[in-house]
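Student: Pasting input-v5.csv here (CSV, C-alpha atoms):
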```csv
chain,number,residue,atom,x,y,z
A,99,MET,CA,18.2,2.9,21.6
A,100,ARG,CA,15.1,4.0,19.7
A,101,ARG,CA,12.6,1.3,18.9
A,102,MET,CA,9.8,1.3,16.3
A,103,GLN,CA,6.3,2.3,17.3
A,104,GLN,CA,4.4,-1.0,16.8
A,105,THR,CA,1.0,-0.5,15.1
A,106,MET,CA,-1.5,-2.5,13.3
A,107,ARG,CA,-4.1,-1.6,10.7
A,108,TRP,CA,-7.8,-1.5,11.5
A,109,PHE,CA,-10.4,-0.8,8.8
A,110,GLY,CA,-12.9,0.8,11.2
A,111,PRO,CA,-16.1,-0.2,12.8
A,112,ASN,CA,-17.0,-2.5,10.0
A,113,ASP,CA,-13.8,-4.5,10.4
A,114,THR,CA,-14.5,-8.0,11.6
A,115,ILE,CA,-11.3,-7.9,13.6
A,116,SER,CA,-12.0,-5.8,16.7
A,117,LEU,CA,-9.8,-3.3,18.5
A,118,ARG,CA,-9.8,-5.6,21.5
A,119,ASP,CA,-8.3,-8.3,19.4
A,120,ILE,CA,-5.7,-6.0,18.1
A,121,ARG,CA,-4.7,-4.6,21.5
A,122,GLN,CA,-4.0,-8.2,22.6
A,123,CYS,CA,-1.3,-8.4,20.0
A,124,GLY,CA,0.7,-5.9,22.1
A,125,VAL,CA,0.5,-2.9,19.9
A,126,THR,CA,-0.1,0.6,21.2
A,127,GLY,CA,-0.9,2.4,17.9
A,128,ILE,CA,-3.7,2.0,15.3
A,129,VAL,CA,-3.4,2.7,11.6
A,130,THR,CA,-6.8,3.5,10.2
A,131,ALA,CA,-8.9,5.9,8.0
A,132,LEU,CA,-12.3,7.3,7.6
A,133,HIS,CA,-13.5,5.0,4.8
A,134,GLN,CA,-17.0,6.2,5.2
A,135,ILE,CA,-16.2,9.7,3.9
A,136,PRO,CA,-16.4,10.0,0.1
A,137,VAL,CA,-13.0,10.5,-1.5
A,138,GLY,CA,-12.4,14.2,-2.0
A,139,ASP,CA,-14.6,15.4,0.8
A,140,VAL,CA,-13.2,17.1,3.8
A,141,TRP,CA,-12.4,15.1,6.9
A,142,THR,CA,-14.0,17.2,9.7
A,143,VAL,CA,-12.5,17.6,13.2
A,144,GLU,CA,-15.7,16.0,14.6
A,145,ASP,CA,-15.3,12.8,12.5
A,146,ILE,CA,-11.6,12.5,13.3
A,147,LYS,CA,-12.2,13.0,17.0
A,148,GLU,CA,-15.0,10.4,17.0
A,149,ARG,CA,-12.7,7.8,15.5
A,150,GLN,CA,-9.9,8.8,17.9
A,151,GLN,CA,-12.2,8.3,20.9
A,152,ILE,CA,-13.2,4.8,19.7
A,153,VAL,CA,-9.5,3.9,19.5
A,154,ARG,CA,-8.7,5.5,22.9
A,155,ASN,CA,-11.6,3.7,24.5
A,156,ALA,CA,-9.9,0.4,23.4
A,157,GLY,CA,-6.6,1.5,25.1
A,158,MET,CA,-4.7,2.6,22.1
A,159,GLU,CA,-4.0,5.7,20.0
A,160,TRP,CA,-4.7,6.5,16.3
A,161,THR,CA,-1.1,7.2,15.3
A,162,VAL,CA,-1.1,7.0,11.5
A,163,ILE,CA,-3.7,7.7,8.8
A,164,GLU,CA,-3.8,5.2,6.1
A,165,SER,CA,-5.0,6.5,3.8
A,166,LEU,CA,-6.2,10.0,3.2
A,167,PRO,CA,-7.1,9.2,-0.4
A,168,VAL,CA,-6.4,11.4,-3.3
A,169,HIS,CA,-9.3,12.0,-5.7
A,170,GLU,CA,-9.0,10.7,-9.2
A,171,ASP,CA,-9.6,14.2,-10.5
A,172,ILE,CA,-6.3,15.3,-8.9
A,173,LYS,CA,-4.5,12.4,-10.5
A,174,LYS,CA,-5.9,13.4,-13.9
A,175,ALA,CA,-5.7,17.2,-13.2
A,176,ASN,CA,-9.2,17.8,-14.5
A,177,GLY,CA,-12.7,18.2,-13.3
A,178,GLN,CA,-12.9,19.7,-9.8
A,179,TYR,CA,-9.2,18.9,-9.0
A,180,LEU,CA,-8.4,22.3,-7.7
A,181,GLN,CA,-11.3,22.2,-5.2
A,182,TYR,CA,-10.2,18.7,-4.1
A,183,ILE,CA,-6.7,19.9,-3.5
A,184,GLU,CA,-8.1,22.7,-1.3
A,185,ASN,CA,-10.2,20.1,0.5
A,186,TYR,CA,-7.1,18.0,1.1
A,187,LYS,CA,-5.4,21.0,2.7
A,188,ILE,CA,-8.4,21.5,5.0
A,189,SER,CA,-8.3,17.8,6.0
A,190,LEU,CA,-4.6,18.0,6.8
A,191,LYS,CA,-5.3,21.0,9.0
A,192,ASN,CA,-8.0,19.2,10.8
A,193,VAL,CA,-5.8,16.1,11.2
A,194,ALA,CA,-3.1,18.2,12.7
A,195,ASP,CA,-5.5,19.9,15.0
A,196,CYS,CA,-6.4,16.5,16.3
A,197,GLY,CA,-2.7,15.7,17.0
A,198,ILE,CA,-2.2,13.0,14.2
A,199,LYS,CA,1.2,13.6,12.6
A,200,VAL,CA,1.6,10.9,9.8
A,201,VAL,CA,-0.6,10.7,6.7
A,202,THR,CA,-0.1,7.9,4.2
A,203,TYR,CA,-1.6,8.1,0.7
A,204,ASN,CA,-0.9,6.7,-2.8
A,205,PHE,CA,-1.1,8.0,-6.3
A,206,MET,CA,-2.0,4.8,-8.1
A,207,PRO,CA,-4.7,5.4,-10.8
A,208,ILE,CA,-8.0,3.7,-10.2
A,209,LEU,CA,-6.8,0.5,-8.5
A,210,ASP,CA,-4.8,0.1,-5.3
A,211,TRP,CA,-2.8,-3.1,-4.9
A,212,VAL,CA,-3.4,-5.9,-7.4
A,213,ARG,CA,-3.1,-9.6,-7.0
A,214,THR,CA,-4.3,-12.5,-9.1
A,215,ASP,CA,-4.6,-15.0,-6.3
A,216,HIS,CA,-5.8,-14.2,-2.8
A,217,ALA,CA,-5.5,-17.7,-1.5
A,218,PHE,CA,-2.3,-19.3,-2.7
A,219,GLU,CA,-1.8,-22.4,-0.6
A,220,ASN,CA,1.6,-22.7,1.1
A,221,PRO,CA,3.1,-26.2,1.9
A,222,ASP,CA,1.8,-25.9,5.5
A,223,GLY,CA,-1.7,-25.1,4.3
A,224,SER,CA,-1.7,-21.4,5.2
A,225,LYS,CA,-2.7,-19.1,2.4
A,226,ALA,CA,-1.0,-16.1,0.9
A,227,LEU,CA,-1.4,-13.3,-1.7
A,228,LEU,CA,0.2,-13.9,-5.1
A,229,TYR,CA,0.7,-12.1,-8.4
A,230,ASN,CA,1.1,-14.1,-11.6
A,231,GLN,CA,1.8,-11.9,-14.7
A,232,VAL,CA,0.6,-14.7,-17.0
A,233,ALA,CA,-2.7,-14.9,-15.2
A,234,PHE,CA,-3.0,-11.1,-15.2
A,235,ASN,CA,-2.3,-11.1,-19.0
A,236,TYR,CA,-5.1,-13.6,-19.5
A,237,PHE,CA,-7.5,-11.5,-17.5
A,238,ASP,CA,-6.5,-8.3,-19.4
A,239,LEU,CA,-6.7,-9.9,-22.9
A,240,PHE,CA,-9.5,-12.4,-22.7
A,241,LEU,CA,-11.7,-11.6,-19.7
A,242,LEU,CA,-11.7,-7.8,-19.4
A,243,LYS,CA,-10.9,-7.3,-23.1
A,244,ARG,CA,-9.5,-3.8,-22.7
A,245,PRO,CA,-9.8,-1.8,-25.9
A,246,ASN,CA,-6.6,-2.1,-28.1
A,247,VAL,CA,-5.2,-4.4,-25.4
A,248,GLU,CA,-3.5,-6.5,-28.1
A,249,ASN,CA,-1.1,-3.7,-28.8
A,250,ASP,CA,0.4,-4.1,-25.3
A,251,TYR,CA,1.4,-7.7,-25.7
A,252,SER,CA,3.6,-9.7,-28.0
A,253,ASP,CA,2.3,-12.7,-30.0
A,254,GLU,CA,4.2,-15.0,-27.7
A,255,GLU,CA,2.6,-13.4,-24.5
A,256,LYS,CA,-0.8,-13.7,-26.0
A,257,GLN,CA,-0.3,-17.4,-26.8
A,258,ILE,CA,1.1,-18.1,-23.3
A,259,ALA,CA,-1.9,-16.3,-21.7
A,260,LEU,CA,-4.4,-18.1,-23.9
A,261,ALA,CA,-2.8,-21.5,-23.0
A,262,TYR,CA,-3.0,-20.6,-19.4
A,263,GLY,CA,-6.7,-19.6,-19.7
A,264,ASN,CA,-7.5,-22.9,-21.3
A,265,THR,CA,-6.4,-24.7,-18.1
A,266,LEU,CA,-9.0,-22.8,-16.1
A,267,SER,CA,-12.6,-23.8,-15.3
A,268,GLU,CA,-15.4,-21.2,-15.7
A,269,ALA,CA,-15.4,-20.8,-11.9
A,270,GLU,CA,-11.7,-20.2,-11.8
A,271,LYS,CA,-12.0,-17.6,-14.5
A,272,GLN,CA,-14.7,-15.8,-12.5
A,273,LEU,CA,-12.5,-16.0,-9.4
A,274,LEU,CA,-9.5,-14.5,-11.3
A,275,PHE,CA,-11.7,-11.7,-12.5
A,276,LYS,CA,-12.9,-11.0,-9.0
A,277,ASN,CA,-9.4,-11.2,-7.5
A,278,VAL,CA,-7.9,-8.6,-9.9
A,279,LEU,CA,-10.7,-6.1,-9.5
A,280,LEU,CA,-11.2,-6.4,-5.7
A,281,GLY,CA,-11.2,-2.7,-5.3
A,282,LEU,CA,-9.7,-0.6,-2.5
A,283,PRO,CA,-8.7,-1.4,1.0
A,284,GLY,CA,-11.6,-0.9,3.3
A,285,SER,CA,-14.0,-1.9,0.6
A,286,LYS,CA,-15.4,-5.3,-0.2
A,287,VAL,CA,-17.1,-4.2,-3.4
A,288,ASN,CA,-15.7,-5.3,-6.7
A,289,PHE,CA,-15.5,-3.2,-9.9
A,290,THR,CA,-17.6,-4.5,-12.8
A,291,ALA,CA,-16.0,-4.7,-16.3
A,292,GLU,CA,-18.1,-1.8,-17.4
A,293,GLN,CA,-17.0,0.4,-14.5
A,294,ILE,CA,-13.3,-0.4,-14.9
A,295,LEU,CA,-13.4,0.1,-18.7
A,296,ALA,CA,-15.0,3.5,-18.3
A,297,LEU,CA,-12.4,4.5,-15.7
A,298,LEU,CA,-9.6,3.3,-17.9
A,299,ASP,CA,-10.8,5.5,-20.7
A,300,ASN,CA,-10.3,8.6,-18.6
A,301,TYR,CA,-6.5,7.8,-18.5
A,302,LYS,CA,-6.0,7.1,-22.2
A,303,ASP,CA,-4.1,10.4,-22.7
A,304,ILE,CA,-2.1,10.3,-19.4
A,305,ASP,CA,1.3,8.7,-19.5
A,306,ASN,CA,3.9,8.4,-16.8
A,307,ASP,CA,5.3,11.9,-17.4
A,308,LYS,CA,1.9,13.5,-17.2
A,309,LEU,CA,0.9,11.5,-14.1
A,310,ARG,CA,4.2,12.5,-12.4
A,311,GLU,CA,3.6,16.1,-13.3
A,312,ASN,CA,0.1,15.9,-11.7
A,313,LEU,CA,1.6,14.3,-8.6
A,314,ILE,CA,4.2,17.0,-8.3
A,315,HIS,CA,1.6,19.7,-8.7
A,316,PHE,CA,-0.5,18.1,-6.0
A,317,LEU,CA,2.6,17.9,-3.7
A,318,SER,CA,3.7,21.4,-4.4
A,319,GLU,CA,0.3,22.5,-3.0
A,320,VAL,CA,-0.1,20.2,-0.1
A,321,ALA,CA,3.4,19.4,1.2
A,322,PRO,CA,4.2,23.0,2.2
A,323,VAL,CA,0.9,23.1,4.2
A,324,ALA,CA,1.8,19.8,5.8
A,325,GLU,CA,5.3,21.1,6.7
A,326,GLU,CA,3.8,24.1,8.3
A,327,LEU,CA,1.4,22.0,10.3
A,328,GLY,CA,4.0,19.5,11.4
A,329,VAL,CA,2.4,16.7,9.5
A,330,LYS,CA,4.4,14.1,7.6
A,331,LEU,CA,3.1,12.9,4.2
A,332,ALA,CA,4.2,9.3,3.3
A,333,ILE,CA,3.5,8.2,-0.2
A,334,HIS,CA,3.0,4.5,-0.6
A,335,PRO,CA,4.9,2.8,-3.5
A,336,ASP,CA,2.9,1.3,-6.4
A,337,ASP,CA,1.9,-2.3,-5.8
A,338,PRO,CA,2.9,-4.1,-8.0
A,339,PRO,CA,5.7,-1.7,-8.9
A,340,PHE,CA,4.9,-1.7,-12.7
A,341,SER,CA,2.1,-0.7,-15.0
A,342,VAL,CA,-1.2,-2.7,-14.9
A,343,LEU,CA,-4.0,-2.4,-17.4
A,344,GLY,CA,-1.8,0.1,-19.4
A,345,LEU,CA,-2.1,2.6,-16.6
A,346,PRO,CA,0.8,5.0,-15.7
A,347,ARG,CA,2.6,4.4,-12.4
A,348,VAL,CA,5.2,6.7,-11.0
A,349,VAL,CA,6.3,5.4,-7.6
A,350,CYS,CA,8.0,2.1,-8.6
A,351,THR,CA,11.7,2.6,-8.4
A,352,GLU,CA,14.5,4.5,-6.6
A,353,GLU,CA,14.6,6.9,-9.5
A,354,ASP,CA,10.9,7.6,-9.2
A,355,ILE,CA,11.3,8.4,-5.5
A,356,LYS,CA,14.3,10.7,-6.2
A,357,LYS,CA,12.3,12.7,-8.8
A,358,ILE,CA,9.4,13.2,-6.4
A,359,PHE,CA,11.6,14.3,-3.5
A,360,GLU,CA,13.8,16.6,-5.7
A,361,ALA,CA,10.8,18.3,-7.2
A,362,VAL,CA,9.2,19.2,-3.8
A,363,PRO,CA,12.2,19.5,-1.4
A,364,VAL,CA,10.4,19.7,1.9
A,365,ASN,CA,10.7,17.0,4.6
A,366,ALA,CA,7.0,16.6,4.9
A,367,ASN,CA,7.1,15.2,1.3
A,368,GLY,CA,8.1,11.7,2.4
A,369,LEU,CA,7.9,8.0,1.9
A,370,CYS,CA,5.9,5.1,3.3
A,371,TYR,CA,8.8,2.6,3.1
A,372,CYS,CA,7.0,-0.6,2.0
A,373,THR,CA,9.4,-3.5,1.7
A,374,GLY,CA,6.9,-5.7,0.0
A,375,SER,CA,5.9,-3.2,-2.8
A,376,LEU,CA,9.4,-2.1,-3.5
A,377,GLY,CA,10.8,-5.5,-3.1
A,378,ALA,CA,8.6,-7.0,-5.8
A,379,ASN,CA,10.8,-5.2,-8.3
A,380,PRO,CA,14.2,-7.0,-8.2
A,381,SER,CA,16.0,-3.9,-9.5
A,382,ASN,CA,15.2,-2.0,-6.3
A,383,ASP,CA,18.0,-2.1,-3.6
A,384,LEU,CA,16.0,-1.8,-0.4
A,385,VAL,CA,19.0,-1.1,1.8
A,386,LYS,CA,20.2,1.6,-0.6
A,387,ILE,CA,16.8,3.3,-0.5
A,388,ILE,CA,17.2,3.7,3.3
A,389,ASP,CA,20.7,5.2,2.8
A,390,ASP,CA,19.5,7.6,0.1
A,391,PHE,CA,16.1,8.7,1.4
A,392,GLY,CA,16.3,7.9,5.1
A,393,ASP,CA,15.4,11.4,6.2
A,394,ARG,CA,12.2,11.2,4.2
A,395,ILE,CA,11.0,7.9,5.5
A,396,HIS,CA,8.0,8.6,7.8
A,397,PHE,CA,6.2,5.2,8.0
A,398,LEU,CA,7.2,1.6,7.7
A,399,HIS,CA,5.4,-1.3,6.1
A,400,LEU,CA,7.5,-4.4,6.7
A,401,ARG,CA,6.7,-7.6,4.8
A,402,ASN,CA,8.5,-9.9,2.5
A,403,VAL,CA,8.0,-11.5,-0.9
A,404,ILE,CA,9.4,-14.4,-2.9
A,405,ARG,CA,9.9,-14.0,-6.6
A,406,ASP,CA,9.3,-17.6,-7.9
A,407,ASN,CA,10.3,-16.5,-11.4
A,408,GLU,CA,10.1,-13.3,-13.5
A,409,SER,CA,6.3,-13.7,-13.8
A,410,VAL,CA,5.3,-14.6,-10.3
A,411,PHE,CA,5.8,-13.1,-6.8
A,412,ARG,CA,4.0,-14.0,-3.6
A,413,GLU,CA,3.9,-12.8,0.0
A,414,SER,CA,6.2,-14.8,2.2
A,415,GLU,CA,7.0,-15.1,5.9
A,416,HIS,CA,8.1,-11.7,7.2
A,417,LEU,CA,11.7,-12.8,7.8
A,418,ASN,CA,12.0,-15.4,5.1
A,419,GLY,CA,11.9,-14.1,1.5
A,420,ASP,CA,13.9,-12.3,-1.1
A,421,ASN,CA,14.1,-9.1,0.8
A,422,PRO,CA,17.1,-9.0,3.3
A,423,MET,CA,15.0,-8.2,6.3
A,424,GLU,CA,17.9,-8.4,8.8
A,425,SER,CA,19.9,-5.8,6.9
A,426,ILE,CA,16.8,-3.7,6.5
A,427,MET,CA,16.0,-3.8,10.2
A,428,GLU,CA,19.5,-2.9,11.2
A,429,LYS,CA,19.6,0.0,8.8
A,430,LEU,CA,16.2,1.3,10.1
A,431,ILE,CA,17.3,1.1,13.7
A,432,VAL,CA,20.5,3.0,13.0
A,433,LEU,CA,18.4,5.5,11.0
A,434,MET,CA,16.0,6.1,13.9
A,435,ASN,CA,18.8,6.7,16.3
A,436,SER,CA,20.6,9.1,14.0
A,437,ARG,CA,17.4,11.0,13.5
A,438,GLY,CA,16.2,10.8,17.1
A,439,VAL,CA,12.8,9.4,16.1
A,440,SER,CA,10.8,6.2,16.6
A,441,LEU,CA,9.2,5.4,13.3
A,442,PRO,CA,5.7,3.9,13.3
A,443,MET,CA,5.8,0.4,11.8
A,444,ARG,CA,3.1,-2.2,11.0
A,445,PRO,CA,3.5,-5.8,9.8
A,446,ASP,CA,2.0,-5.6,6.4
A,447,HIS,CA,-0.1,-8.5,5.1
A,448,GLY,CA,0.1,-11.9,6.6
A,449,PHE,CA,-0.8,-15.5,5.9
A,450,LEU,CA,-4.4,-16.8,6.4
A,451,HIS,CA,-4.0,-19.6,8.9
A,452,SER,CA,-6.5,-22.5,9.0
A,453,ILE,CA,-7.9,-21.4,12.3
A,454,GLU,CA,-9.3,-18.2,10.8
A,455,GLU,CA,-10.5,-19.7,7.5
A,456,GLY,CA,-14.2,-19.1,6.8
A,457,LYS,CA,-14.2,-15.8,8.7
A,458,GLU,CA,-14.9,-12.6,6.6
A,459,GLN,CA,-11.6,-10.8,6.5
A,460,TYR,CA,-9.7,-8.5,4.1
A,461,PRO,CA,-7.2,-10.4,2.0
A,462,GLY,CA,-3.8,-10.1,3.7
A,463,TYR,CA,-5.2,-8.8,6.9
A,464,SER,CA,-6.0,-11.8,9.0
A,465,LEU,CA,-5.2,-11.3,12.7
A,466,ILE,CA,-3.0,-14.3,13.3
A,467,GLY,CA,-0.9,-13.9,10.2
A,468,ARG,CA,-0.1,-10.3,11.1
A,469,LEU,CA,0.5,-11.2,14.7
A,470,LYS,CA,3.0,-13.8,13.6
A,471,GLY,CA,4.7,-11.2,11.4
A,472,LEU,CA,4.7,-8.7,14.2
A,473,ALA,CA,6.2,-11.2,16.7
A,474,GLU,CA,9.0,-12.1,14.3
A,475,LEU,CA,9.8,-8.4,13.5
A,476,ARG,CA,9.7,-7.5,17.2
A,477,GLY,CA,12.2,-10.3,18.0
A,478,LEU,CA,14.4,-9.3,15.1
A,479,GLU,CA,14.5,-5.7,16.2
A,480,LYS,CA,15.3,-6.7,19.8
A,481,GLY,CA,18.1,-9.0,18.8
A,482,ILE,CA,19.7,-6.4,16.5
A,483,ILE,CA,19.4,-3.7,19.2
A,484,TYR,CA,21.2,-6.0,21.6
A,485,LYS,CA,23.9,-6.7,19.1
A,486,LEU,CA,24.4,-3.0,18.4
A,487,GLU,CA,24.5,-2.1,22.1
A,488,GLN,CA,27.3,-4.7,22.6
A,489,ARG,CA,29.6,-3.1,20.1
```
Can you give me the file's structure in the form of structure tokens?

Tutor:
Amino acid sequence: MRRMQQTMRWFGPNDTISLRDIRQCGVTGIVTALHQIPVGDVWTVEDIKERQQIVRNAGMEWTVIESLPVHEDIKKANGQYLQYIENYKISLKNVADCGIKVVTYNFMPILDWVRTDHAFENPDGSKALLYNQVAFNYFDLFLLKRPNVENDYSDEEKQIALAYGNTLSEAEKQLLFKNVLLGLPGSKVNFTAEQILALLDNYKDIDNDKLRENLIHFLSEVAPVAEELGVKLAIHPDDPPFSVLGLPRVVCTEEDIKKIFEAVPVNANGLCYCTGSLGANPSNDLVKIIDDFGDRIHFLHLRNVIRDNESVFRESEHLNGDNPMESIMEKLIVLMNSRGVSLPMRPDHGFLHSIEEGKEQYPGYSLIGRLKGLAELRGLEKGIIYKLEQR
């Protein structure tokens, strides 16, 4: 039976977790990106091969790009967006020439994933990522003070947010501000209030329909190129799967995914199936998404979440959460065998265990937390394969 390609994310030479550390986790593939190249610039063959060689020297292969970022001009369809689309096509050709076949990207305006707490303490003392809508509302209303923000909230929501904020110390308010505006994966630089407000102003006339139109235009240009090159594009769902800061978001639901795939009906236009991002929206049926879009799933992010209430979700153990990981894993195994492929998978996020506290790491990307998740997923996969083979 087909098994998943086990990979782990590495943020490049500046990552405090080394390739040697990652190889000892038992993976053969590395998921990484050229974070040093400005967004929108061409990834050259020389730069790609240099990174490939670093990974090979450590005994592994660079199997998935995460991410080849999309310039904000493309998302807004203004400025130099046509040139940036052409640059993206060139980068895809160079990636293909180097033998890398899966490219992950997202179309979230300005911010990537957003959390309000990067160190929620679990009962055993390990720490996890958490999103609290009330905390975010307080940040938006009373810390960032986004223009016309009051129009986005009811009086009751404002009162609840203010009451929450009154329980915070000044240090806790500063930490909340920092957590929300952490920035992008691969970067440890926070946005300032002035920067984020200026960026938000650029999206004041762009709603979901317009952003989706811009995404479809981008894909209509690049997906046929990827198809011809034998490269699979895998769009990452929005995280969290709903609007933040009044920004449009268009990869949140099953219906969103369907619209994207129907608009650009080539197989290279595919999905990064992230169970954490999609699972944070209780209306998403994760098993049904595999049934409906299985032929377009090109990369797997497997993690779990617990929705404490309608306002709070947090990362959980990979096998213990609100997402039915056993059913998901069985569906994916059956899918891989029906398609005759071994999909690349990485354990996404992980708890920060006490043995690693104090070390400089990207939130959610501690080594031991991810290794624990990988071990659990590997065991689950092996058990399900054994069960299927006995039928």

Student: For the point (3.7, -2.5, 11.3) in the file's frame, write as an MDAnalysis selection string all residues with an atom no more than 12 Å away, counting only C-alpha atoms.

Tutor: chainID A and resid 102:108 123:129 161:162 164 370:373 397:401 416 441:448 463 468:476

Student: Using C-alpha atoms, can you export the residues from the last selection as a compact mmCIF listing (two decimals), keeping the file's coordinate frame?

Tutor:
```txt
# COMPACT_ATOMS: atom_id res chain seq x y z
CA MET A 102 9.80 1.30 16.30
CA GLN A 103 6.30 2.30 17.30
CA GLN A 104 4.40 -1.00 16.80
CA THR A 105 1.00 -0.50 15.10
CA MET A 106 -1.50 -2.50 13.30
CA ARG A 107 -4.10 -1.60 10.70
CA TRP A 108 -7.80 -1.50 11.50
CA CYS A 123 -1.30 -8.40 20.00
CA GLY A 124 0.70 -5.90 22.10
CA VAL A 125 0.50 -2.90 19.90
CA THR A 126 -0.10 0.60 21.20
CA GLY A 127 -0.90 2.40 17.90
CA ILE A 128 -3.70 2.00 15.30
CA VAL A 129 -3.40 2.70 11.60
CA THR A 161 -1.10 7.20 15.30
CA VAL A 162 -1.10 7.00 11.50
CA GLU A 164 -3.80 5.20 6.10
CA CYS A 370 5.90 5.10 3.30
CA TYR A 371 8.80 2.60 3.10
CA CYS A 372 7.00 -0.60 2.00
CA THR A 373 9.40 -3.50 1.70
CA PHE A 397 6.20 5.20 8.00
CA LEU A 398 7.20 1.60 7.70
CA HIS A 399 5.40 -1.30 6.10
CA LEU A 400 7.50 -4.40 6.70
CA ARG A 401 6.70 -7.60 4.80
CA HIS A 416 8.10 -11.70 7.20
CA LEU A 441 9.20 5.40 13.30
CA PRO A 442 5.70 3.90 13.30
CA MET A 443 5.80 0.40 11.80
CA ARG A 444 3.10 -2.20 11.00
CA PRO A 445 3.50 -5.80 9.80
CA ASP A 446 2.00 -5.60 6.40
CA HIS A 447 -0.10 -8.50 5.10
CA GLY A 448 0.10 -11.90 6.60
CA TYR A 463 -5.20 -8.80 6.90
CA ARG A 468 -0.10 -10.30 11.10
CA LEU A 469 0.50 -11.20 14.70
CA LYS A 470 3.00 -13.80 13.60
CA GLY A 471 4.70 -11.20 11.40
CA LEU A 472 4.70 -8.70 14.20
CA ALA A 473 6.20 -11.20 16.70
CA GLU A 474 9.00 -12.10 14.30
CA LEU A 475 9.80 -8.40 13.50
CA ARG A 476 9.70 -7.50 17.20
```

Student: Could you tell me which of A:Trp141, A:Phe359, A:Tyr484, A:Phe411 comes closest to A:Ala194 if we count only C-alpha atoms?

Tutor: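 Looking only at the distances to A:Ala194, the closest residue turns out to be A:Trp141.
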
Student: Given the point (-1.1, 7.1, 1.7) in the file's coordinates, find the residues that have an atom at most 6 Å from it, counting all atoms listed in the file, and give them as a list in words.

Tutor: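 Residues with an atom at most 6 Å from (-1.1, 7.1, 1.7): Glu164, Ser165, Thr202, Tyr203, Asn204, Ala332, Ile333 and His334 of chain A.
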
Student: Next, write the just-selected residues to a file, as an mmCIF file, in the coordinates of the input, keeping C-alpha atoms as the atom set.

Tutor:
```cif
data_model
loop_
_atom_site.group_PDB
_atom_site.id
_atom_site.type_symbol
_atom_site.label_atom_id
_atom_site.label_comp_id
_atom_site.auth_asym_id
_atom_site.auth_seq_id
_atom_site.Cartn_x
_atom_site.Cartn_y
_atom_site.Cartn_z
ATOM 1 C CA GLU A 164 -3.800 5.200 6.100
ATOM 2 C CA SER A 165 -5.000 6.500 3.800
ATOM 3 C CA THR A 202 -0.100 7.900 4.200
ATOM 4 C CA TYR A 203 -1.600 8.100 0.700
ATOM 5 C CA ASN A 204 -0.900 6.700 -2.800
ATOM 6 C CA ALA A 332 4.200 9.300 3.300
ATOM 7 C CA ILE A 333 3.500 8.200 -0.200
ATOM 8 C CA HIS A 334 3.000 4.500 -0.600
#
```

Student: I'd like the contact shell of A:Ala217 - 9 Å cut-off, only C-alpha atoms, skipping same-chain residues fewer than 3 positions apart - returned as a list in words.

Tutor: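 The contact residues come out as Ser224, Lys225, Ala226, Leu227, Leu228, Leu450 and Pro461 of chain A.
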
Student: Which is closer to A:Leu279 than all the others in A:Pro422, A:Val212, A:Gln151, A:Phe240, using all atoms listed in the file?

Tutor: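 Closest to A:Leu279, using all atoms listed in the file: A:Val212.
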